[in-house]
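Heads up: the structure comes next, in structure tokens.
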Amino acid sequence: MLEIKNLHAEVDGKAILKGIDLNINKGEVHAIMGPNGSGKSTLANVLAGRDDYEVTEGGILFDGKDISELEPEERAGEGIFLAFQYPVEIPGVTNTTFLKEALNAQRRYRGEEELDGMEFVKMIRGKTKELGIKDDMLKRAVNVGFSGGEKKRNDILQMAVLNPKLAVLDETDSGLDIDALKVVAEGVNKLRAENNAILVITHYQRLLNYIVPDQVHVLSNGKIRRSGGKELALELEEKGYADYSGEAA
Amino acid sequence: MAATQETVEQVQSLEMDKYKYGFVTDIESEKAPKGLSEDTVRFISAKKNEPEWLLEWRLKAYRLWLTMPEPKWGKLEIPEIDYQDSYYYSSPKSMEDRPQSLDEVDPELLRTYEKLGIPIKEQEVLAGVAVDYVFDSVSVATTFREQLKEVGVIFCPISEAIQDYPELVKKYLGSVVPAGDNKHACLNSAVFTDGSFVYIPKGVRCPMELSTYFRINELNTGQFERTLIVADEGSYVSYLEGCTAPQRDENQLHAAVVELVTMDDAEIKYSTVQNWYPGDEDGKGGIYNFVTKRGICKGKNSKISWTQVETGSAITWKYPSCILQGDNSVGEFYSVAITNGRQQADTGTKMIHLGKNTTSRIISKGISAGKSQNTYRGLVRVAAKAEGARNFTQCDSLLVGETCGAHTVPYIESKNRSARLEHEATTSKISEDQLFYCRQRGISEEDAVGLVVNGFCREVLQELPMEFAVEAQQLVKISLEGSVG
């Protein structure tokens with residue numbers, strides 16, 4: 001589904017990603033772990049197509065299509081979802097309005113019919129119920145006055161509504177206490193399916209106790225240094241990233 | 001910064017070409033001779049077949065106007081206005097003999113309003129909204145008058161009210177905004193041409209929204225309408241005005257006066273959606289919108305609420321105000337002012353607390369983009385006898401880009417120690433993070449700007465009558481994105 005080939009990227013002229021190769025198939029969960037400054041968040045932003053993150057070499061194929069030149073909203077329409085490390089507040093715009101606008105924009109992009117108000121409400125009620133989220137959250141302005149945990153749950157709700165093919169969770173565990181972490185992980189697990197894939201980006205192993213990955217990759221200094229099964233995460237937890245820091249080139 | 005920069009450029013390139021109301025109706029008109037003199041005033045008064053007292057009132061205003069200085073205290077750069085280079089009266093020729101029904105109205109005029117998206121034909125009009133259509137200096141049609149008359153509501157062009165209800169007009173005209181209030185109001189008093197008159201009798205809740213639609217068409221013509229609304233004891237009315245003008249290289253002057261009066265327990269809700277031509281991106285052309293709007297809560301427990309969405313005009317100078325004279329009276333001001341290109345806006349309100357336990361609320365949202373300047377200027381004054389007065393003011397500014405300006409100038413004067421006055425102000429920018437967040441969810445950059453700005457204005461937009469709220473949301477979006485084709 002996702003094929004990253006020899007990906008190089010820079011920010012403000014500074015090379016951050018220095019040749020990443022990564023394949024993720026449908027139904028798989030991959031984790032990328034690495035020390036601070038290794039390029040984890042850059043990878044997430046490059047996948048989402050954020051301005052200022054420039055691909056200088058290599059490419060990204062998504063479902064066989066080269067997406068490296070697409071705008072962020074086009075990539076969203078293709079089915080890429082990014083759960084943010086710091087979800088953004090949008091005062092005065094209710095979650096319902098935001099989600100409807102987003103979903104219908106994606107549907108337009110894919111040439112699907114837009115949902116009308118009734119259909120949308122019905123669909124979204126189903127999702128909140130499934131995730132155990134109170135409906136009054138829908139009436140609140142996007143992330144305004146939300147606790148850290150609520151913001152992350154809101155991202156999970158968005159993910160459930162938008163139903164992406166690939167969800168990238170960018171350090172979604174940062175700033176969460178263990179209970180919030182469990183709730184978020186539970187939400188993600190409910191959305192795991194044969195047809196979609198999840199890429200978990202994290203510094204710590206603890207999230208991977210709850211979202212169990214099929215594969216773990218260690219990213220350091222812009223390159224994947226090692227790949228393995230879920231046990232690799234435990235090893236990193238024990239030994240830290242010291243073995244990899246020396247590989248700075 | 002790339003995302004924001006791109007937005008700014010997009011906004012700049014799109015907005016100015018997208019003024020969809022910029023067309024001109026080719027119609028024969030009758031005009032007063034160019035320029036301003038006592039003869040111009042006499043010409044207008046004669047055209048309207050006015051009584052002697054009104055002509056005298058106009059002439060007195062004209063003489064006073066000659067002596068008054070231009071108000072200079074706004075944060076505005078106003079080029080010198082050549083008052084002799086303008087026409088002060090322009091009427092479509094077909095209106096010479098006042099048409100008795102819509103069937104007699106010139107089809108070209110009807111087509112103009114259809115093009116503007118507000119057809120005059122009653123059966124096509126929004127259900128439940130009566131409209132007075134003012135074209136240059138005359139009212140061309142007023143819908144639903146008969147239905148309103150049945151419940152005693154008077155809704156007609158002010159030129160007709162002067163003929164048909166002279167006592168009412170004489171009693172209230174200039175009672176809230178005296179001729180000498182300021183130079184622009186003074187000019188209006190001398191040369192006002194048409195506008196709407198509304199009287200709601202005791203205990204009547206006006207059964208429908210009332211609305212006036214102002215259109216400037218003729219070149220080099222000023223529009224000087226005058227609106228007077230009187231709500232008698234225990235009555236209620238909601239009134240909305242909308243405005244557009246053709247796209248022209250010359251500046252045109254619009255100096256209106258609006259006066260509102262509420263008696264005991266009465267309420268007037270006055271909403272404006274102002275979309276005059278703003279000029280092009282270099283600041284060429286556009287309307288000078290110099291408007292004096294004021295209401296007086298004369299009676300106890302009465303209420304006046306102003307809501308304005310200001311997106312057009314090259315220069316806006318406007319401070320819809322409330323004089324809270326009756327005890328327990330309430331004044332409200334809800335404002336969205338959007339400036340883009342080279343637009344300048346200096347707008348706000350005055351809340352004058354005279355009665356006991358009077359309350360006022362000010363919510364102002366200013367959005368600046370392009371190279372525009374946007375100023376909130378407001379005065380809250382509490383008189384010595386206004387025991388228990390309360391005010392809450394909130395002024396929020398939103399900046400789009402690096403080359404615009406937002407300014408907040410609140411004046412507070414309190415002579416009563418029991419007054420409770422609160423003022424909150426914020427300034428923020430549309431952040432790159434917000435835009436990226438929206439785009440990552442599939443929303444285009446243009447739509448994202450519209451979404452964020454509409455969210456910012458929400459508190460104000462929800463004050464608009466339902467029929468117009470959706471339209472206003474669209475307008476907010478359009479004036480920043482130019483998404484209209």
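Just remember, in the structure tokens the first chain shown is A, the second B, etc., residues are 1-based per chain, and ligands are 1-based in the order shown.
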Contacts of Glu171 of chain A within 12 Å, only C-alpha atoms, excl. fewer than 6 positions in-chain, as a ChimeraX atom specification: /A:31-36,40-44,82-87,152,181,184,199-208
Near-Cys395 of chain B list (12 Å; only C-alpha atoms; drop same-chain fewer than 6 positions) as an MDAnalysis selection string: chainID B and resid 333:337 347:349 361:367 374:378 406:410 422:428 456:457 459:460
Using only C-alpha atoms, please write the residues we just selected to a file, as a compact mmCIF listing (two decimals), in the first residue's frame.
# COMPACT_ATOMS: atom_id res chain seq x y z
CA PHE B 333 -23.44 45.99 19.17
CA TYR B 334 -22.28 42.94 17.28
CA SER B 335 -19.83 43.61 14.49
CA VAL B 336 -17.79 41.79 11.90
CA ALA B 337 -15.57 44.06 9.83
CA THR B 347 -15.76 51.33 13.01
CA GLY B 348 -17.20 50.65 16.41
CA THR B 349 -19.90 51.96 18.65
CA ARG B 361 -22.75 44.59 25.28
CA ILE B 362 -20.17 45.05 22.53
CA ILE B 363 -18.76 42.16 20.51
CA SER B 364 -16.45 43.26 17.72
CA LYS B 365 -14.57 40.98 15.33
CA GLY B 366 -12.13 42.64 12.96
CA ILE B 367 -10.41 40.70 10.20
CA ASN B 374 -8.94 47.88 10.40
CA THR B 375 -9.69 49.84 13.54
CA TYR B 376 -12.21 49.26 16.29
CA ARG B 377 -13.09 52.52 18.01
CA GLY B 378 -15.62 52.47 20.79
CA ALA B 406 -5.51 45.90 13.25
CA HIS B 407 -6.10 48.52 15.92
CA THR B 408 -8.31 48.70 18.97
CA VAL B 409 -9.17 52.06 20.50
CA PRO B 410 -11.59 51.78 23.41
CA GLU B 422 -15.42 45.00 31.43
CA HIS B 423 -13.15 45.11 28.43
CA GLU B 424 -11.45 42.18 26.74
CA ALA B 425 -9.33 42.32 23.62
CA THR B 426 -7.33 39.78 21.64
CA THR B 427 -5.27 39.84 18.46
CA SER B 428 -4.42 36.66 16.63
CA PHE B 456 -13.86 33.58 14.50
CA CYS B 457 -17.01 35.55 13.61
CA GLU B 459 -20.69 34.88 17.90
CA VAL B 460 -21.68 37.79 15.70
With chain B as the partner and 9 Å as the cut-off, tabulate the residues of chain A that qualify, each row holding the nearest pair of atoms and their distance in Å to one decimal, using only C-alpha atoms, sorted by chain and rising number, as a Markdown table.
| residue | atom | partner | partner_atom | distance |
| --- | --- | --- | --- | --- |
| A:Ala48 | CA | B:Gln440 | CA | 6.7 |
| A:Gly49 | CA | B:Gln440 | CA | 8.4 |
| A:Arg50 | CA | B:Phe436 | CA | 7.0 |
| A:Asp51 | CA | B:Ala3 | CA | 6.4 |
| A:Asp52 | CA | B:Ala2 | CA | 6.8 |
| A:Glu71 | CA | B:Arg439 | CA | 8.4 |
| A:Pro72 | CA | B:Gln440 | CA | 5.4 |
| A:Glu73 | CA | B:Gly442 | CA | 4.1 |
| A:Glu74 | CA | B:Gly442 | CA | 6.7 |
| A:Arg75 | CA | B:Gln440 | CA | 7.7 |
| A:Ala76 | CA | B:Gly442 | CA | 5.0 |
| A:Gly77 | CA | B:Gly442 | CA | 5.8 |
| A:Ile80 | CA | B:Gln440 | CA | 8.3 |
| A:Phe81 | CA | B:Gln440 | CA | 7.0 |
| A:Leu82 | CA | B:Gln440 | CA | 7.0 |
| A:Phe84 | CA | B:Tyr437 | CA | 8.4 |
| A:Pro87 | CA | B:Tyr437 | CA | 7.8 |
| A:Val88 | CA | B:Gln434 | CA | 6.0 |
| A:Glu89 | CA | B:Gln434 | CA | 7.3 |
| A:Ile90 | CA | B:Val452 | CA | 6.5 |
| A:Pro91 | CA | B:Gly455 | CA | 5.8 |
| A:Gly92 | CA | B:Gly455 | CA | 3.8 |
| A:Val93 | CA | B:Gly455 | CA | 4.7 |
| A:Thr94 | CA | B:Gly455 | CA | 8.3 |
| A:Phe98 | CA | B:Leu451 | CA | 8.2 |
| A:Leu99 | CA | B:Arg441 | CA | 8.4 |
| A:Glu101 | CA | B:Ile443 | CA | 7.0 |
| A:Ala102 | CA | B:Gly442 | CA | 5.3 |
| A:Leu103 | CA | B:Gly442 | CA | 7.3 |
| A:Asn104 | CA | B:Gly442 | CA | 8.5 |
| A:Ala105 | CA | B:Gly442 | CA | 5.8 |
| A:Gln106 | CA | B:Gly442 | CA | 5.3 |
| A:Tyr109 | CA | B:Gly442 | CA | 8.5 |
| A:Ala141 | CA | B:Gly455 | CA | 8.6 |
| A:Gln158 | CA | B:Arg441 | CA | 8.4 |
| A:Leu162 | CA | B:Arg441 | CA | 8.1 |
Can those selected residues be exported to a file as an mmCIF file, in the first residue's frame so that it contains C-alpha atoms?
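Okay, this is what ended up in again.cif:
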data_model
loop_
_atom_site.group_PDB
_atom_site.id
_atom_site.type_symbol
_atom_site.label_atom_id
_atom_site.label_comp_id
_atom_site.auth_asym_id
_atom_site.auth_seq_id
_atom_site.Cartn_x
_atom_site.Cartn_y
_atom_site.Cartn_z
ATOM 1 C CA ALA A 48 1.213 14.358 4.735
ATOM 2 C CA GLY A 49 2.745 16.823 2.271
ATOM 3 C CA ARG A 50 3.300 19.763 4.566
ATOM 4 C CA ASP A 51 4.786 22.898 2.983
ATOM 5 C CA ASP A 52 8.423 23.538 3.819
ATOM 6 C CA GLU A 71 -1.186 18.883 -1.969
ATOM 7 C CA PRO A 72 -1.959 17.892 1.632
ATOM 8 C CA GLU A 73 -5.734 17.925 0.993
ATOM 9 C CA GLU A 74 -5.251 15.679 -2.047
ATOM 10 C CA ARG A 75 -3.268 13.182 -0.025
ATOM 11 C CA ALA A 76 -6.032 13.247 2.571
ATOM 12 C CA GLY A 77 -8.467 12.462 -0.216
ATOM 13 C CA ILE A 80 -3.740 9.352 4.288
ATOM 14 C CA PHE A 81 -4.547 10.533 7.787
ATOM 15 C CA LEU A 82 -2.162 12.124 10.252
ATOM 16 C CA PHE A 84 -1.119 15.107 15.314
ATOM 17 C CA PRO A 87 -3.922 18.766 17.656
ATOM 18 C CA VAL A 88 -4.795 22.323 16.679
ATOM 19 C CA GLU A 89 -7.619 24.450 18.115
ATOM 20 C CA ILE A 90 -10.122 26.084 15.767
ATOM 21 C CA PRO A 91 -12.298 28.480 17.795
ATOM 22 C CA GLY A 92 -15.935 28.879 16.778
ATOM 23 C CA VAL A 93 -15.966 25.858 14.456
ATOM 24 C CA THR A 94 -17.825 22.910 15.943
ATOM 25 C CA PHE A 98 -15.420 20.534 10.798
ATOM 26 C CA LEU A 99 -15.928 16.826 10.280
ATOM 27 C CA GLU A 101 -16.641 19.802 5.814
ATOM 28 C CA ALA A 102 -13.632 17.483 5.857
ATOM 29 C CA LEU A 103 -15.518 14.307 4.967
ATOM 30 C CA ASN A 104 -17.423 15.925 2.126
ATOM 31 C CA ALA A 105 -14.265 17.551 0.765
ATOM 32 C CA GLN A 106 -12.640 14.126 0.654
ATOM 33 C CA TYR A 109 -12.080 14.568 -4.281
ATOM 34 C CA ALA A 141 -15.377 23.894 18.956
ATOM 35 C CA GLN A 158 -11.818 12.136 13.124
ATOM 36 C CA LEU A 162 -12.725 9.796 7.680
#
DSSP-assigned strand (DSSP E or B) among segment 245-454 of chain B, expressed as a ChimeraX atom specification: /B:251-254,257-262,267-274,286-297,303-310,315-318,321-324,330-339,344-353,359-368,373-382,390-399,405-414,420-429
Residue with smallest distance to Trp73 of chain B - pool B:Asp396, B:Glu267, B:Asp346, B:Asp327, counting only C-alpha atoms: B:Asp346
Pick from B:Thr142, B:Ser175, B:Ser196, B:Thr292 nearest to Ile162 of chain B, counting only C-alpha atoms: B:Ser196
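Residues surrounding Gly228 of chain A within 9 Å are Asp214, Gln215, Val216, His217, Val218, Leu232 and Ala233 of chain A [only C-alpha atoms; sequence separation below 4 positions excluded].
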Next, write the just-selected residues to a file, as a PDB file, in the first residue's frame, keeping C-alpha atoms as the atom set.
ATOM      1  CA  ASP A 214       3.718  -6.273  13.199  1.00  0.00           C
ATOM      2  CA  GLN A 215       7.019  -4.593  12.523  1.00  0.00           C
ATOM      3  CA  VAL A 216       9.251  -2.141  14.346  1.00  0.00           C
ATOM      4  CA  HIS A 217      11.813   0.111  12.654  1.00  0.00           C
ATOM      5  CA  VAL A 218      14.513   2.122  14.315  1.00  0.00           C
ATOM      6  CA  LEU A 232      12.579  -5.025  18.999  1.00  0.00           C
ATOM      7  CA  ALA A 233      10.578  -2.387  20.827  1.00  0.00           C
TER       8      ALA A 233
END
Looking only at alpha helix (DSSP H) from DSSP on the backbone, list the matching residues of segment 24-57 of chain B as an mmCIF file with all heavy atoms, in the first residue's frame.
data_model
loop_
_atom_site.group_PDB
_atom_site.id
_atom_site.type_symbol
_atom_site.label_atom_id
_atom_site.label_comp_id
_atom_site.auth_asym_id
_atom_site.auth_seq_id
_atom_site.Cartn_x
_atom_site.Cartn_y
_atom_site.Cartn_z
ATOM 1 N N GLU B 38 -27.355 75.776 -2.377
ATOM 2 C CA GLU B 38 -28.718 75.877 -1.856
ATOM 3 C C GLU B 38 -29.717 75.451 -2.929
ATOM 4 O O GLU B 38 -30.754 74.874 -2.628
ATOM 5 C CB GLU B 38 -29.015 77.326 -1.408
ATOM 6 C CG GLU B 38 -28.288 77.676 -0.126
ATOM 7 C CD GLU B 38 -29.018 78.719 0.725
ATOM 8 O OE1 GLU B 38 -30.102 79.165 0.291
ATOM 9 O OE2 GLU B 38 -28.504 79.041 1.798
ATOM 10 N N ASP B 39 -29.358 75.717 -4.183
ATOM 11 C CA ASP B 39 -30.258 75.323 -5.278
ATOM 12 C C ASP B 39 -30.414 73.808 -5.351
ATOM 13 O O ASP B 39 -31.496 73.307 -5.643
ATOM 14 C CB ASP B 39 -29.724 75.844 -6.618
ATOM 15 C CG ASP B 39 -29.923 77.348 -6.740
ATOM 16 O OD1 ASP B 39 -30.729 77.888 -5.938
ATOM 17 O OD2 ASP B 39 -29.267 77.969 -7.591
ATOM 18 N N THR B 40 -29.299 73.098 -5.104
ATOM 19 C CA THR B 40 -29.384 71.633 -5.102
ATOM 20 C C THR B 40 -30.383 71.183 -4.044
ATOM 21 O O THR B 40 -31.229 70.317 -4.280
ATOM 22 C CB THR B 40 -28.004 71.011 -4.784
ATOM 23 O OG1 THR B 40 -26.988 71.718 -5.474
ATOM 24 C CG2 THR B 40 -27.969 69.546 -5.133
ATOM 25 N N VAL B 41 -30.264 71.784 -2.879
ATOM 26 C CA VAL B 41 -31.152 71.429 -1.771
ATOM 27 C C VAL B 41 -32.601 71.730 -2.148
ATOM 28 O O VAL B 41 -33.501 70.902 -1.946
ATOM 29 C CB VAL B 41 -30.744 72.193 -0.490
ATOM 30 C CG1 VAL B 41 -31.726 71.885 0.649
ATOM 31 C CG2 VAL B 41 -29.315 71.831 -0.083
ATOM 32 N N ARG B 42 -32.814 72.899 -2.720
ATOM 33 C CA ARG B 42 -34.181 73.269 -3.137
ATOM 34 C C ARG B 42 -34.695 72.326 -4.219
ATOM 35 O O ARG B 42 -35.861 71.942 -4.225
ATOM 36 C CB ARG B 42 -34.198 74.710 -3.666
ATOM 37 C CG ARG B 42 -34.055 75.748 -2.572
ATOM 38 C CD ARG B 42 -34.032 77.166 -3.164
ATOM 39 N NE ARG B 42 -33.517 78.118 -2.179
ATOM 40 C CZ ARG B 42 -34.259 78.626 -1.197
ATOM 41 N NH1 ARG B 42 -35.534 78.297 -1.081
ATOM 42 N NH2 ARG B 42 -33.733 79.461 -0.329
ATOM 43 N N PHE B 43 -33.807 71.935 -5.139
ATOM 44 C CA PHE B 43 -34.179 71.024 -6.227
ATOM 45 C C PHE B 43 -34.692 69.699 -5.661
ATOM 46 O O PHE B 43 -35.754 69.200 -6.034
ATOM 47 C CB PHE B 43 -32.953 70.773 -7.119
ATOM 48 C CG PHE B 43 -33.194 69.795 -8.243
ATOM 49 C CD1 PHE B 43 -33.531 70.256 -9.512
ATOM 50 C CD2 PHE B 43 -33.069 68.415 -8.039
ATOM 51 C CE1 PHE B 43 -33.743 69.352 -10.560
ATOM 52 C CE2 PHE B 43 -33.297 67.520 -9.080
ATOM 53 C CZ PHE B 43 -33.632 67.990 -10.337
ATOM 54 N N ILE B 44 -33.919 69.166 -4.714
ATOM 55 C CA ILE B 44 -34.301 67.867 -4.127
ATOM 56 C C ILE B 44 -35.629 67.987 -3.399
ATOM 57 O O ILE B 44 -36.548 67.186 -3.582
ATOM 58 C CB ILE B 44 -33.203 67.361 -3.160
ATOM 59 C CG1 ILE B 44 -31.928 67.037 -3.944
ATOM 60 C CG2 ILE B 44 -33.678 66.145 -2.373
ATOM 61 C CD1 ILE B 44 -30.695 66.824 -3.087
ATOM 62 N N SER B 45 -35.742 69.041 -2.611
ATOM 63 C CA SER B 45 -36.961 69.224 -1.823
ATOM 64 C C SER B 45 -38.182 69.387 -2.735
ATOM 65 O O SER B 45 -39.249 68.831 -2.458
ATOM 66 C CB SER B 45 -36.793 70.442 -0.907
ATOM 67 O OG SER B 45 -37.842 70.492 0.020
ATOM 68 N N ALA B 46 -37.973 70.112 -3.839
ATOM 69 C CA ALA B 46 -39.073 70.316 -4.781
ATOM 70 C C ALA B 46 -39.441 69.008 -5.467
ATOM 71 O O ALA B 46 -40.610 68.677 -5.632
ATOM 72 C CB ALA B 46 -38.682 71.369 -5.814
ATOM 73 N N LYS B 47 -38.414 68.233 -5.850
ATOM 74 C CA LYS B 47 -38.642 66.937 -6.487
ATOM 75 C C LYS B 47 -39.505 66.049 -5.612
ATOM 76 O O LYS B 47 -40.330 65.263 -6.080
ATOM 77 C CB LYS B 47 -37.301 66.216 -6.725
ATOM 78 C CG LYS B 47 -36.669 66.530 -8.040
ATOM 79 C CD LYS B 47 -37.380 65.793 -9.161
ATOM 80 C CE LYS B 47 -37.117 66.500 -10.485
ATOM 81 N NZ LYS B 47 -38.192 66.351 -11.451
ATOM 82 N N GLU B 52 -42.851 73.015 3.544
ATOM 83 C CA GLU B 52 -41.941 74.120 3.801
ATOM 84 C C GLU B 52 -40.977 73.846 4.971
ATOM 85 O O GLU B 52 -39.788 74.107 4.892
ATOM 86 C CB GLU B 52 -42.777 75.390 4.069
ATOM 87 C CG GLU B 52 -42.001 76.694 4.068
ATOM 88 C CD GLU B 52 -41.247 76.978 2.755
ATOM 89 O OE1 GLU B 52 -41.719 76.526 1.683
ATOM 90 O OE2 GLU B 52 -40.194 77.643 2.810
ATOM 91 N N TRP B 53 -41.528 73.285 6.051
ATOM 92 C CA TRP B 53 -40.689 73.082 7.251
ATOM 93 C C TRP B 53 -39.488 72.199 6.963
ATOM 94 O O TRP B 53 -38.402 72.416 7.492
ATOM 95 C CB TRP B 53 -41.493 72.507 8.423
ATOM 96 C CG TRP B 53 -42.012 71.087 8.216
ATOM 97 C CD1 TRP B 53 -43.250 70.735 7.785
ATOM 98 C CD2 TRP B 53 -41.313 69.855 8.451
ATOM 99 N NE1 TRP B 53 -43.367 69.368 7.722
ATOM 100 C CE2 TRP B 53 -42.194 68.806 8.131
ATOM 101 C CE3 TRP B 53 -40.019 69.538 8.896
ATOM 102 C CZ2 TRP B 53 -41.836 67.449 8.249
ATOM 103 C CZ3 TRP B 53 -39.668 68.196 9.012
ATOM 104 C CH2 TRP B 53 -40.570 67.164 8.687
ATOM 105 N N LEU B 54 -39.674 71.244 6.065
ATOM 106 C CA LEU B 54 -38.579 70.332 5.774
ATOM 107 C C LEU B 54 -37.515 71.020 4.917
ATOM 108 O O LEU B 54 -36.317 70.848 5.133
ATOM 109 C CB LEU B 54 -39.110 69.071 5.076
ATOM 110 C CG LEU B 54 -38.120 67.923 4.961
ATOM 111 C CD1 LEU B 54 -37.475 67.591 6.307
ATOM 112 C CD2 LEU B 54 -38.796 66.686 4.394
ATOM 113 N N LEU B 55 -37.989 71.842 3.965
ATOM 114 C CA LEU B 55 -37.036 72.594 3.157
ATOM 115 C C LEU B 55 -36.194 73.498 4.069
ATOM 116 O O LEU B 55 -34.962 73.563 3.935
ATOM 117 C CB LEU B 55 -37.767 73.441 2.107
ATOM 118 C CG LEU B 55 -36.856 74.372 1.288
ATOM 119 C CD1 LEU B 55 -35.820 73.582 0.478
ATOM 120 C CD2 LEU B 55 -37.660 75.273 0.357
ATOM 121 N N GLU B 56 -36.864 74.129 5.009
ATOM 122 C CA GLU B 56 -36.135 75.006 5.937
ATOM 123 C C GLU B 56 -35.111 74.201 6.741
ATOM 124 O O GLU B 56 -33.983 74.631 6.962
ATOM 125 C CB GLU B 56 -37.127 75.712 6.890
ATOM 126 C CG GLU B 56 -37.851 76.885 6.256
ATOM 127 C CD GLU B 56 -36.889 77.876 5.556
ATOM 128 O OE1 GLU B 56 -35.848 78.198 6.167
ATOM 129 O OE2 GLU B 56 -37.172 78.276 4.406
ATOM 130 N N TRP B 57 -35.559 73.039 7.171
ATOM 131 C CA TRP B 57 -34.686 72.166 7.971
ATOM 132 C C TRP B 57 -33.444 71.778 7.170
ATOM 133 O O TRP B 57 -32.322 71.810 7.650
ATOM 134 C CB TRP B 57 -35.491 70.916 8.356
ATOM 135 C CG TRP B 57 -34.861 70.047 9.388
ATOM 136 C CD1 TRP B 57 -34.794 70.284 10.733
ATOM 137 C CD2 TRP B 57 -34.225 68.783 9.176
ATOM 138 N NE1 TRP B 57 -34.169 69.254 11.365
ATOM 139 C CE2 TRP B 57 -33.801 68.312 10.441
ATOM 140 C CE3 TRP B 57 -33.976 67.994 8.045
ATOM 141 C CZ2 TRP B 57 -33.146 67.100 10.612
ATOM 142 C CZ3 TRP B 57 -33.318 66.782 8.217
ATOM 143 C CH2 TRP B 57 -32.911 66.338 9.477
#
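Straight-line separation from atom CA of Lys356 of chain B to atom CA of Lys300 of chain B: 9.5 Å.
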d(atom CA of Asn301 of chain B, atom CA of Leu379 of chain B) in Å: 21.9 Å
